[in-house]
Amino acid sequence: MNTPPSPNAPENRPVSAWQTATTTASSRARRRPGALTAGIALAVGSALVLSACSSGTAGPQEQAALTGSATEPVQGGVLEYGHLQEPNCIFGGWIQENFTARQVLDNLVSATEDGSVVPWIATDWEVSEDQLVWTLTLRDDVHFTDGTPLDAEAVAYNFDYWMDGGNGTAAAHLGGFYDHSEVVDADTVEIHLSAPFAPFLSTLSQSYFGLQSPTALQTRTVEENCTEPIGSGPFTVKDWKRGEYIEFERNEDYDWAPENARHQGPAYLEGIRWNIVPDGTSRYGSLLAGEMDAIGEVPAVNIAEARQRYDFTQYITPGRPVVINLNTERGIFTDQAVRQALSHATDREANIESAFLGTVPFEPSGYLSQSTPGYDADAAQQYPFDLEKANELLDGAGWTGRAEDGTRIKDGQRLQVKIVYGLNTIVTPDGNTAIQNFQEQARAAGFDIELRPLTPSENFSGAYSTPDSYDGSVGYWTSPHAGILNINYRPSTEEAPNGANTTFLDNEEVFTTIQQALQAPTDAEVTATFSEAQYQLSELAPAIGLYTQTNTLAVSDRVSGLWLEPAQGGPIFHDAHFTSEEARDSSQGFSAANAENEG
Amino acid sequence: MTAQPQSQPRIPADAGTTGGVPAAPHPAGPVQSATWRRVPVTVWIAGVFAGLLLLAAFAPGVLATHDPRAITLGSPLAAPSWEHWFGTDQSGRDLYSRIVHGTTQSLLIGLGSAAVGVGLAVVFGSWAALGGRWADAVIGRAIEVLFAFPILLLAMVFIAVYGPSVQTLILAVGLGIAPGYARMVRAQVMSVRRSGYVQAAQALGHHPGRVLAQHILPNALRPLLAVLTLGIGQSIVWASGLAFLGFGVAPPSPEWGALLEAGRPYIIEAWWLEIIPGLAVLATALTATVLGKFVESTLEGER
């Protein structure tokens, strides 16, 4: 096995990413029959919607760096932040919904740069010897913004809520493993699993597992909980003007930031205006013009300048990188040799270097991004650019004829495949360039690739998610651990379809290996078994790696203290503040207040 | 030449007679050779450009300097140079060659949608004007309903159903612009219908079809020619707008609207990716308009 240094940290992420808990001998696990099936079933529908996760950019070793000075922070002011995409809800199963959820909701634990977790709402944890019961000790001083205490009861309620459809991605992660929760006392809750799940804590650091007030969930409408979820986080939702902005207001009571926060107590800012600016040129331009104090998703073409002018942070998200998933169930890519041939056919490294102007790393692996704990660099390197090999494989597979335009032919059928991708939702304009470069390069081996960029509505409608709708589809999925393989490669069954399995791979050996990795007793075994799974997948070649999903943040000198959290690469505003009183006083304030003033 | 836009067909003073009926101003007499000396320079320029467009559309290989699909990974976003006259795009493809090769699709979209729009407009506009009160009321209301939909929205619905392609774009944009033209056609046909030469033809018992084909339509449509030629350029712009919204022709097509959309993220750093395809659309629209006006005024007998 070969584990390279994490690109986001100077040294390897310690294997303790899997487990930071102490093991105790308390095996009080009571399994609920059928829980596994139920869990998997829950994972189903929602997972489909989620397969398109986050976006971002990053410079190695800059991740989560504080962006400013540490002198007495200025209080107040509304920070203007420019963001690429608008979420459907503040909290949900899509990565964009995690970025907003993180401002409003707290988690049980917080991820750190080295892949481990630190206390947040949970101050301590233990796992039973059989690894089936996690006992979490909670802070006793936390309440939601509606006054409901955040206690063991609330945590147990939230677990059931996520798994019963409250969050599809949460259910996709823990489906088949979560059994039930038990309240021990006000500050202690037991999470019972039906099978060991090594990356349990790391999983909980994602905002899919943001804690909401049970009172709010029970008494308010779905719409209210969508647009204005009640959490215990550093901000609350003040206003949301769809298509324009979301305003967050400081939670004055906040005094339970995670251990890795830069300060304790309420946020320095009075609030944030989270502006939706989909066009990259406009977004960067608004930062240049001083309309924004910070922006996310700096276009590749602006990164060199942004590094000079602004406090610039780039973060490579762990999980599945941006890959082409090949349809192994129907069509031309059911032939493994053809999949392997396409993997060899193009110079992906040169392609990514050119398309992103050298700002985003090439990712050879089709399965895990290089910042994921457990990433195996050798397994990732099995398909270097080798046109000769690609041609041999295709010849061997019977694609020996050639049409006038160079496309290979077998039994009268052209080697023609359709690749679909959500443009501007999943794939940025720079990524679009990379995909077109791939298309053009693959012609040399005799592939005729038809590209079909999907509009946002087409992408989210699910019209292009069935085996008969594409030969290849492009996607990524952030996850702080290699357990993402279980989400992406668990075979669909009738009672538990898996919409996240976009290659439709149904391979017993791979699935078994992934299950063994998730349940392995030691960190070393977890890593070794995931490594084996990566080799097995690599041989089957159901996916082709393109580039890492990276998050970027460019911050003007008017503000300081922003950082990107490591689990998913979202911006953290709790520690942000204006750098001077002049800068703060020139901020516009909340829209409603402006309207009143003008009125 | 002193072409003056006219909203009403003009009957030349020396109009002859055919079968006792005062001849309609159409058809005009042959253009006389002396006319050519008085063709304005703008028309010459437009003519030359139209020739280039046709050459690019039918034999792009003659004008292009590179393979429009060939990528050069080392040199994305290169500024215009001797090697790449219009610079290169984000994949290092030669922009000049892509614009040349995109002419076919763009002209097809421009001409095609204008033809679809006008075709529908002539049928329904004439029907409304000549079909009696009920036909006029029904078609008139239908046109008003269609007017209530923004063209882009209508086109997007159409493309959402049938999927993006050149053919869909032509139909979508054609449908979108048809109501406006239909209303103009209706107004023109109505006014021509009441003119003396039509009434004379009807009084002489000519077959209604002949009256329509020989007298009404030619005179009703001629003043619309300039508007229609403008529509060609406008259709290309509509198609670009649809491409901008993700409803355009799939990559790596060098259709001009798709080029405009693809260059958008680089508008500050690589201006040529927006400005030059934009100029191609503009020049084509201008060419169509100049030639259209010239033909219109020539047909009207401006000498």
# chains A, B, ... in the order shown; residues from 1 in each chain; ligands from 1
>>> closest_atom_pairs(of="chain A", to="chain B", cutoff="8 Å", atoms="only C-alpha atoms", output="Markdown table")
| residue | atom | partner | partner_atom | distance |
| --- | --- | --- | --- | --- |
| A:Asp279 | CA | B:Pro265 | CA | 7.5 |
| A:Gly280 | CA | B:Pro265 | CA | 6.3 |
| A:Thr281 | CA | B:Pro265 | CA | 5.7 |
| A:Pro299 | CA | B:Pro265 | CA | 7.9 |
| A:Val301 | CA | B:Tyr266 | CA | 7.2 |
| A:Ala350 | CA | B:Leu73 | CA | 6.8 |
| A:Asn351 | CA | B:Leu73 | CA | 6.3 |
| A:Ser354 | CA | B:Leu73 | CA | 5.4 |
| A:Ala355 | CA | B:Ser91 | CA | 6.7 |
| A:Leu423 | CA | B:Gly246 | CA | 7.9 |
| A:Pro429 | CA | B:Pro265 | CA | 7.1 |
| A:Thr433 | CA | B:Ser91 | CA | 6.3 |
| A:Ala434 | CA | B:Ser91 | CA | 8.0 |
| A:Gln436 | CA | B:Pro252 | CA | 6.7 |
| A:Asn437 | CA | B:Ser91 | CA | 6.5 |
| A:Glu440 | CA | B:Arg69 | CA | 7.1 |
| A:Leu451 | CA | B:Pro251 | CA | 6.3 |
| A:Arg452 | CA | B:Ala250 | CA | 6.1 |
| A:Pro453 | CA | B:Ala250 | CA | 7.0 |
| A:Leu454 | CA | B:Gly246 | CA | 7.4 |
| A:Thr455 | CA | B:Gly246 | CA | 5.8 |
>>> write_last_selection(atoms="C-alpha atoms", output="short mmCIF file (atom, residue, chain, number, x, y, z; two decimals), in the first residue's frame")
data_model
loop_
_atom_site.label_atom_id
_atom_site.label_comp_id
_atom_site.auth_asym_id
_atom_site.auth_seq_id
_atom_site.Cartn_x
_atom_site.Cartn_y
_atom_site.Cartn_z
CA ASP A 279 -21.44 34.02 -13.02
CA GLY A 280 -17.74 33.70 -12.22
CA THR A 281 -16.72 36.90 -13.97
CA PRO A 299 -12.58 31.08 -11.55
CA VAL A 301 -8.46 32.30 -14.86
CA ALA A 350 -1.90 17.62 -19.44
CA ASN A 351 -5.59 18.22 -20.02
CA SER A 354 -4.27 23.29 -19.33
CA ALA A 355 -7.97 23.54 -18.60
CA LEU A 423 -23.05 22.30 -16.35
CA PRO A 429 -16.83 26.27 -16.88
CA THR A 433 -13.17 22.77 -20.86
CA ALA A 434 -11.50 19.69 -19.39
CA GLN A 436 -14.19 18.89 -24.06
CA ASN A 437 -10.44 18.32 -24.12
CA GLU A 440 -11.21 15.59 -28.43
CA LEU A 451 -21.31 15.58 -24.86
CA ARG A 452 -24.62 16.54 -23.34
CA PRO A 453 -24.36 19.38 -20.82
CA LEU A 454 -27.45 19.39 -18.62
CA THR A 455 -29.27 22.48 -17.46
#
>>> residues_around(residues="range 189-195 of chain A", least_positions_apart="3", cutoff="8 Å", atoms="only C-alpha atoms", output="ChimeraX atom specification")
/A:29-32,35-36,131-138,152-153,155-156,176-186,519
>>> write_last_selection(atoms="N, CA and C atoms", output="PDB file, in the first residue's frame")
ATOM      1  N   ALA A  29     -25.239  -3.587  22.948  1.00  0.00           N
ATOM      2  CA  ALA A  29     -25.911  -3.452  21.651  1.00  0.00           C
ATOM      3  C   ALA A  29     -27.152  -4.322  21.558  1.00  0.00           C
ATOM      4  N   ARG A  30     -28.231  -3.696  21.204  1.00  0.00           N
ATOM      5  CA  ARG A  30     -29.443  -4.463  20.952  1.00  0.00           C
ATOM      6  C   ARG A  30     -29.833  -4.169  19.513  1.00  0.00           C
ATOM      7  N   ARG A  31     -29.719  -5.176  18.690  1.00  0.00           N
ATOM      8  CA  ARG A  31     -30.029  -4.954  17.284  1.00  0.00           C
ATOM      9  C   ARG A  31     -31.517  -4.972  17.046  1.00  0.00           C
ATOM     10  N   ARG A  32     -31.916  -4.182  16.136  1.00  0.00           N
ATOM     11  CA  ARG A  32     -33.317  -4.196  15.757  1.00  0.00           C
ATOM     12  C   ARG A  32     -33.404  -4.974  14.455  1.00  0.00           C
ATOM     13  N   ALA A  35     -33.288  -3.637  10.591  1.00  0.00           N
ATOM     14  CA  ALA A  35     -32.864  -2.242  10.565  1.00  0.00           C
ATOM     15  C   ALA A  35     -31.962  -1.951   9.384  1.00  0.00           C
ATOM     16  N   LEU A  36     -31.167  -2.940   9.059  1.00  0.00           N
ATOM     17  CA  LEU A  36     -30.218  -2.717   7.969  1.00  0.00           C
ATOM     18  C   LEU A  36     -30.966  -2.452   6.665  1.00  0.00           C
ATOM     19  N   GLN A 131     -17.793  -2.560  18.840  1.00  0.00           N
ATOM     20  CA  GLN A 131     -17.943  -1.388  17.972  1.00  0.00           C
ATOM     21  C   GLN A 131     -19.369  -1.153  17.503  1.00  0.00           C
ATOM     22  N   LEU A 132     -20.308  -1.607  18.288  1.00  0.00           N
ATOM     23  CA  LEU A 132     -21.697  -1.444  17.879  1.00  0.00           C
ATOM     24  C   LEU A 132     -22.424  -0.357  18.660  1.00  0.00           C
ATOM     25  N   VAL A 133     -21.845   0.098  19.762  1.00  0.00           N
ATOM     26  CA  VAL A 133     -22.510   1.135  20.550  1.00  0.00           C
ATOM     27  C   VAL A 133     -21.552   2.304  20.784  1.00  0.00           C
ATOM     28  N   TRP A 134     -21.962   3.461  20.316  1.00  0.00           N
ATOM     29  CA  TRP A 134     -21.192   4.674  20.564  1.00  0.00           C
ATOM     30  C   TRP A 134     -21.893   5.468  21.658  1.00  0.00           C
ATOM     31  N   THR A 135     -21.157   5.751  22.723  1.00  0.00           N
ATOM     32  CA  THR A 135     -21.737   6.534  23.806  1.00  0.00           C
ATOM     33  C   THR A 135     -21.176   7.944  23.728  1.00  0.00           C
ATOM     34  N   LEU A 136     -22.064   8.902  23.517  1.00  0.00           N
ATOM     35  CA  LEU A 136     -21.633  10.291  23.361  1.00  0.00           C
ATOM     36  C   LEU A 136     -22.010  11.091  24.602  1.00  0.00           C
ATOM     37  N   THR A 137     -21.043  11.816  25.146  1.00  0.00           N
ATOM     38  CA  THR A 137     -21.327  12.710  26.263  1.00  0.00           C
ATOM     39  C   THR A 137     -21.470  14.120  25.701  1.00  0.00           C
ATOM     40  N   LEU A 138     -22.552  14.788  26.091  1.00  0.00           N
ATOM     41  CA  LEU A 138     -22.866  16.084  25.479  1.00  0.00           C
ATOM     42  C   LEU A 138     -22.600  17.244  26.435  1.00  0.00           C
ATOM     43  N   ALA A 152     -29.593  15.027  25.196  1.00  0.00           N
ATOM     44  CA  ALA A 152     -29.551  13.677  24.628  1.00  0.00           C
ATOM     45  C   ALA A 152     -30.831  13.367  23.860  1.00  0.00           C
ATOM     46  N   GLU A 153     -31.947  13.837  24.407  1.00  0.00           N
ATOM     47  CA  GLU A 153     -33.233  13.629  23.745  1.00  0.00           C
ATOM     48  C   GLU A 153     -33.208  14.223  22.332  1.00  0.00           C
ATOM     49  N   VAL A 155     -30.589  14.926  20.478  1.00  0.00           N
ATOM     50  CA  VAL A 155     -29.650  14.232  19.587  1.00  0.00           C
ATOM     51  C   VAL A 155     -30.287  12.942  19.074  1.00  0.00           C
ATOM     52  N   ALA A 156     -30.920  12.190  19.967  1.00  0.00           N
ATOM     53  CA  ALA A 156     -31.570  10.943  19.546  1.00  0.00           C
ATOM     54  C   ALA A 156     -32.654  11.236  18.518  1.00  0.00           C
ATOM     55  N   GLY A 176     -27.964   1.090   6.727  1.00  0.00           N
ATOM     56  CA  GLY A 176     -27.396  -0.248   6.832  1.00  0.00           C
ATOM     57  C   GLY A 176     -26.507  -0.413   8.053  1.00  0.00           C
ATOM     58  N   PHE A 177     -26.211   0.685   8.720  1.00  0.00           N
ATOM     59  CA  PHE A 177     -25.357   0.622   9.919  1.00  0.00           C
ATOM     60  C   PHE A 177     -26.087   1.147  11.150  1.00  0.00           C
ATOM     61  N   TYR A 178     -26.848   2.209  10.989  1.00  0.00           N
ATOM     62  CA  TYR A 178     -27.553   2.787  12.133  1.00  0.00           C
ATOM     63  C   TYR A 178     -28.701   1.885  12.541  1.00  0.00           C
ATOM     64  N   ASP A 179     -28.807   1.672  13.821  1.00  0.00           N
ATOM     65  CA  ASP A 179     -29.932   0.875  14.299  1.00  0.00           C
ATOM     66  C   ASP A 179     -30.906   1.738  15.096  1.00  0.00           C
ATOM     67  N   HIS A 180     -30.462   2.262  16.223  1.00  0.00           N
ATOM     68  CA  HIS A 180     -31.337   3.154  16.979  1.00  0.00           C
ATOM     69  C   HIS A 180     -30.516   3.944  17.999  1.00  0.00           C
ATOM     70  N   SER A 181     -31.162   4.927  18.607  1.00  0.00           N
ATOM     71  CA  SER A 181     -30.499   5.740  19.626  1.00  0.00           C
ATOM     72  C   SER A 181     -31.191   5.537  20.963  1.00  0.00           C
ATOM     73  N   GLU A 182     -30.415   5.637  22.012  1.00  0.00           N
ATOM     74  CA  GLU A 182     -30.992   5.497  23.350  1.00  0.00           C
ATOM     75  C   GLU A 182     -30.520   6.624  24.237  1.00  0.00           C
ATOM     76  N   VAL A 183     -31.473   7.280  24.906  1.00  0.00           N
ATOM     77  CA  VAL A 183     -31.117   8.347  25.844  1.00  0.00           C
ATOM     78  C   VAL A 183     -30.747   7.706  27.175  1.00  0.00           C
ATOM     79  N   VAL A 184     -29.518   7.942  27.621  1.00  0.00           N
ATOM     80  CA  VAL A 184     -29.078   7.386  28.903  1.00  0.00           C
ATOM     81  C   VAL A 184     -29.444   8.357  30.018  1.00  0.00           C
ATOM     82  N   ASP A 185     -28.997   9.594  29.882  1.00  0.00           N
ATOM     83  CA  ASP A 185     -29.475  10.674  30.747  1.00  0.00           C
ATOM     84  C   ASP A 185     -29.432  11.946  29.916  1.00  0.00           C
ATOM     85  N   ALA A 186     -29.665  13.077  30.549  1.00  0.00           N
ATOM     86  CA  ALA A 186     -29.810  14.318  29.787  1.00  0.00           C
ATOM     87  C   ALA A 186     -28.582  14.625  28.935  1.00  0.00           C
ATOM     88  N   GLN A 519     -15.873  -2.121   8.469  1.00  0.00           N
ATOM     89  CA  GLN A 519     -16.060  -2.812   9.741  1.00  0.00           C
ATOM     90  C   GLN A 519     -14.752  -3.294  10.352  1.00  0.00           C
TER      91      GLN A 519
END
>>> residues_around(residues="range 96-104 of chain B", least_positions_apart="6", cutoff="12 Å", atoms="only C-alpha atoms", output="ChimeraX atom specification")
/B:50,52-71,79-89,110-112,166,236,249,251-260,272-281,284
>>> closest_atom_pairs(of="range 125-225 of chain B", to="range 290-301 of chain B", cutoff="9 Å", atoms="only C-alpha atoms", output="CSV")
residue,atom,partner,partner_atom,distance
B:Arg222,CA,B:Glu296,CA,6.5
B:Pro223,CA,B:Glu296,CA,7.2
B:Leu224,CA,B:Glu296,CA,8.8
B:Leu225,CA,B:Gly292,CA,6.2
>>> write_last_selection(atoms="C-alpha atoms", output="mmCIF file, in the first residue's frame")
data_model
loop_
_atom_site.group_PDB
_atom_site.id
_atom_site.type_symbol
_atom_site.label_atom_id
_atom_site.label_comp_id
_atom_site.auth_asym_id
_atom_site.auth_seq_id
_atom_site.Cartn_x
_atom_site.Cartn_y
_atom_site.Cartn_z
ATOM 1 C CA ARG B 222 -42.435 43.748 -49.654
ATOM 2 C CA PRO B 223 -42.393 46.408 -46.943
ATOM 3 C CA LEU B 224 -41.655 43.663 -44.471
ATOM 4 C CA LEU B 225 -38.503 42.573 -46.242
#
>>> residues_around(residues="Leu221 in chain B", least_positions_apart="6", cutoff="9 Å", atoms="only C-alpha atoms", output="PDB file with N, CA and C atoms, in the first residue's frame")
ATOM      1  N   VAL B 122     -47.010  34.382 -42.454  1.00  0.00           N
ATOM      2  CA  VAL B 122     -47.735  34.613 -43.703  1.00  0.00           C
ATOM      3  C   VAL B 122     -49.035  33.818 -43.701  1.00  0.00           C
ATOM      4  N   VAL B 185     -47.960  41.042 -40.868  1.00  0.00           N
ATOM      5  CA  VAL B 185     -48.504  40.541 -42.130  1.00  0.00           C
ATOM      6  C   VAL B 185     -50.006  40.832 -42.201  1.00  0.00           C
ATOM      7  N   GLN B 188     -50.656  44.453 -42.999  1.00  0.00           N
ATOM      8  CA  GLN B 188     -50.308  44.767 -44.375  1.00  0.00           C
ATOM      9  C   GLN B 188     -51.350  44.200 -45.343  1.00  0.00           C
ATOM     10  N   VAL B 189     -51.690  42.933 -45.130  1.00  0.00           N
ATOM     11  CA  VAL B 189     -52.653  42.301 -46.042  1.00  0.00           C
ATOM     12  C   VAL B 189     -53.976  43.058 -46.003  1.00  0.00           C
TER      13      VAL B 189
END
>>> closest_residue(among="A:Glu458, A:Glu247, A:Glu86, A:Asp468", to="Val161 in chain B", atoms="only C-alpha atoms")
A:Glu458
>>> atom_distance(atom1="CA of Ala306 in chain A", atom2="CA of Lys241 in chain A")
28.7 Å
>>> residues_around(residues="Val116 in chain B", least_positions_apart="5", cutoff="8 Å", atoms="only C-alpha atoms", output="ChimeraX atom specification")
/B:170-171,174-175,178
>>> select_by_dssp(residues="range 226-472 of chain A", states="helix (DSSP H, G or I)", output="ChimeraX atom specification")
/A:226-227,280-288,300-309,332-334,336-345,348-355,377-380,387-396,429-445,456-461
>>> write_last_selection(atoms="C-alpha atoms", output="short mmCIF file (atom, residue, chain, number, x, y, z; two decimals), in the first residue's frame")
data_model
loop_
_atom_site.label_atom_id
_atom_site.label_comp_id
_atom_site.auth_asym_id
_atom_site.auth_seq_id
_atom_site.Cartn_x
_atom_site.Cartn_y
_atom_site.Cartn_z
CA CYS A 226 -36.38 24.32 4.90
CA THR A 227 -35.98 28.08 4.69
CA GLY A 280 -17.74 33.70 -12.22
CA THR A 281 -16.72 36.90 -13.97
CA SER A 282 -19.36 38.89 -12.08
CA ARG A 283 -18.46 37.25 -8.82
CA TYR A 284 -14.78 38.01 -9.09
CA GLY A 285 -15.60 41.45 -10.49
CA SER A 286 -17.78 42.22 -7.48
CA LEU A 287 -14.82 41.45 -5.24
CA LEU A 288 -12.58 43.67 -7.36
CA ALA A 300 -9.31 29.42 -12.58
CA VAL A 301 -8.46 32.30 -14.86
CA ASN A 302 -8.52 34.71 -11.89
CA ILE A 303 -6.68 32.61 -9.35
CA ALA A 304 -3.18 33.86 -10.11
CA GLU A 305 -4.33 37.44 -9.59
CA ALA A 306 -6.44 36.57 -6.57
CA ARG A 307 -3.40 35.06 -4.90
CA GLN A 308 -1.62 38.39 -5.26
CA ARG A 309 -4.41 40.74 -4.33
CA ILE A 332 -20.69 -0.01 -24.94
CA PHE A 333 -19.09 0.36 -21.53
CA THR A 334 -20.40 -2.98 -20.31
CA GLN A 336 -14.41 -3.86 -19.28
CA ALA A 337 -11.74 -3.68 -21.99
CA VAL A 338 -13.45 -0.67 -23.55
CA ARG A 339 -13.58 1.06 -20.16
CA GLN A 340 -9.91 0.35 -19.62
CA ALA A 341 -9.12 1.58 -23.13
CA LEU A 342 -10.83 4.91 -22.55
CA SER A 343 -8.99 5.23 -19.23
CA HIS A 344 -5.70 4.91 -21.10
CA ALA A 345 -6.74 6.88 -24.18
CA ARG A 348 -5.64 13.60 -18.56
CA GLU A 349 -2.80 15.18 -16.65
CA ALA A 350 -1.90 17.62 -19.44
CA ASN A 351 -5.59 18.22 -20.02
CA ILE A 352 -6.29 19.28 -16.44
CA GLU A 353 -3.13 21.36 -16.25
CA SER A 354 -4.27 23.29 -19.33
CA ALA A 355 -7.97 23.54 -18.60
CA ALA A 377 -1.75 6.65 -4.86
CA ASP A 378 -0.49 3.52 -6.55
CA ALA A 379 -3.96 2.14 -7.19
CA ALA A 380 -4.84 5.54 -8.61
CA LEU A 387 -2.59 5.39 -26.67
CA GLU A 388 -0.95 2.20 -27.88
CA LYS A 389 -2.40 0.24 -24.99
CA ALA A 390 -5.81 1.79 -25.58
CA ASN A 391 -5.69 0.74 -29.23
CA GLU A 392 -4.61 -2.79 -28.31
CA LEU A 393 -7.47 -3.13 -25.86
CA LEU A 394 -10.00 -1.92 -28.40
CA ASP A 395 -8.61 -4.18 -31.12
CA GLY A 396 -8.82 -7.08 -28.69
CA PRO A 429 -16.83 26.27 -16.88
CA ASP A 430 -13.21 25.21 -16.35
CA GLY A 431 -14.34 21.63 -15.85
CA ASN A 432 -16.39 21.94 -19.03
CA THR A 433 -13.17 22.77 -20.86
CA ALA A 434 -11.50 19.69 -19.39
CA ILE A 435 -14.37 17.47 -20.53
CA GLN A 436 -14.19 18.89 -24.06
CA ASN A 437 -10.44 18.32 -24.12
CA PHE A 438 -11.09 14.73 -23.05
CA GLN A 439 -13.64 14.34 -25.82
CA GLU A 440 -11.21 15.59 -28.43
CA GLN A 441 -8.26 13.53 -27.18
CA ALA A 442 -10.30 10.34 -27.13
CA ARG A 443 -10.86 10.65 -30.89
CA ALA A 444 -7.30 9.46 -31.47
CA ALA A 445 -8.22 6.03 -30.09
CA PRO A 456 -29.85 22.72 -13.69
CA SER A 457 -33.44 21.57 -14.03
CA GLU A 458 -32.47 18.64 -16.23
CA ASN A 459 -29.74 17.72 -13.80
CA PHE A 460 -31.90 17.74 -10.70
CA SER A 461 -34.96 16.24 -12.33
#
>>> residues_around(residues="Tyr245 in chain A", least_positions_apart="6", cutoff="7 Å", atoms="only C-alpha atoms", output="PyMOL selection string")
chain A and resi 273-276
>>> atom_distance(atom1="CA of Thr188 in chain A", atom2="CA of Ala267 in chain A")
27.8 Å
>>> residues_around(residues="Ala257 in chain A", least_positions_apart="3", cutoff="7 Å", atoms="only C-alpha atoms", output="PyMOL selection string")
chain A and resi 120+261+264
>>> select_by_dssp(residues="range 380-594 of chain A", states="strand (DSSP E)", output="PyMOL selection string")
chain A and resi 401-402+408-410+413-414+416-422+448-454+472-478+543-547+550-555+559-560+563-564+571-572+577-578
>>> atom_distance(atom1="CA of Val173 in chain B", atom2="CA of Ser113 in chain B")
5.6 Å
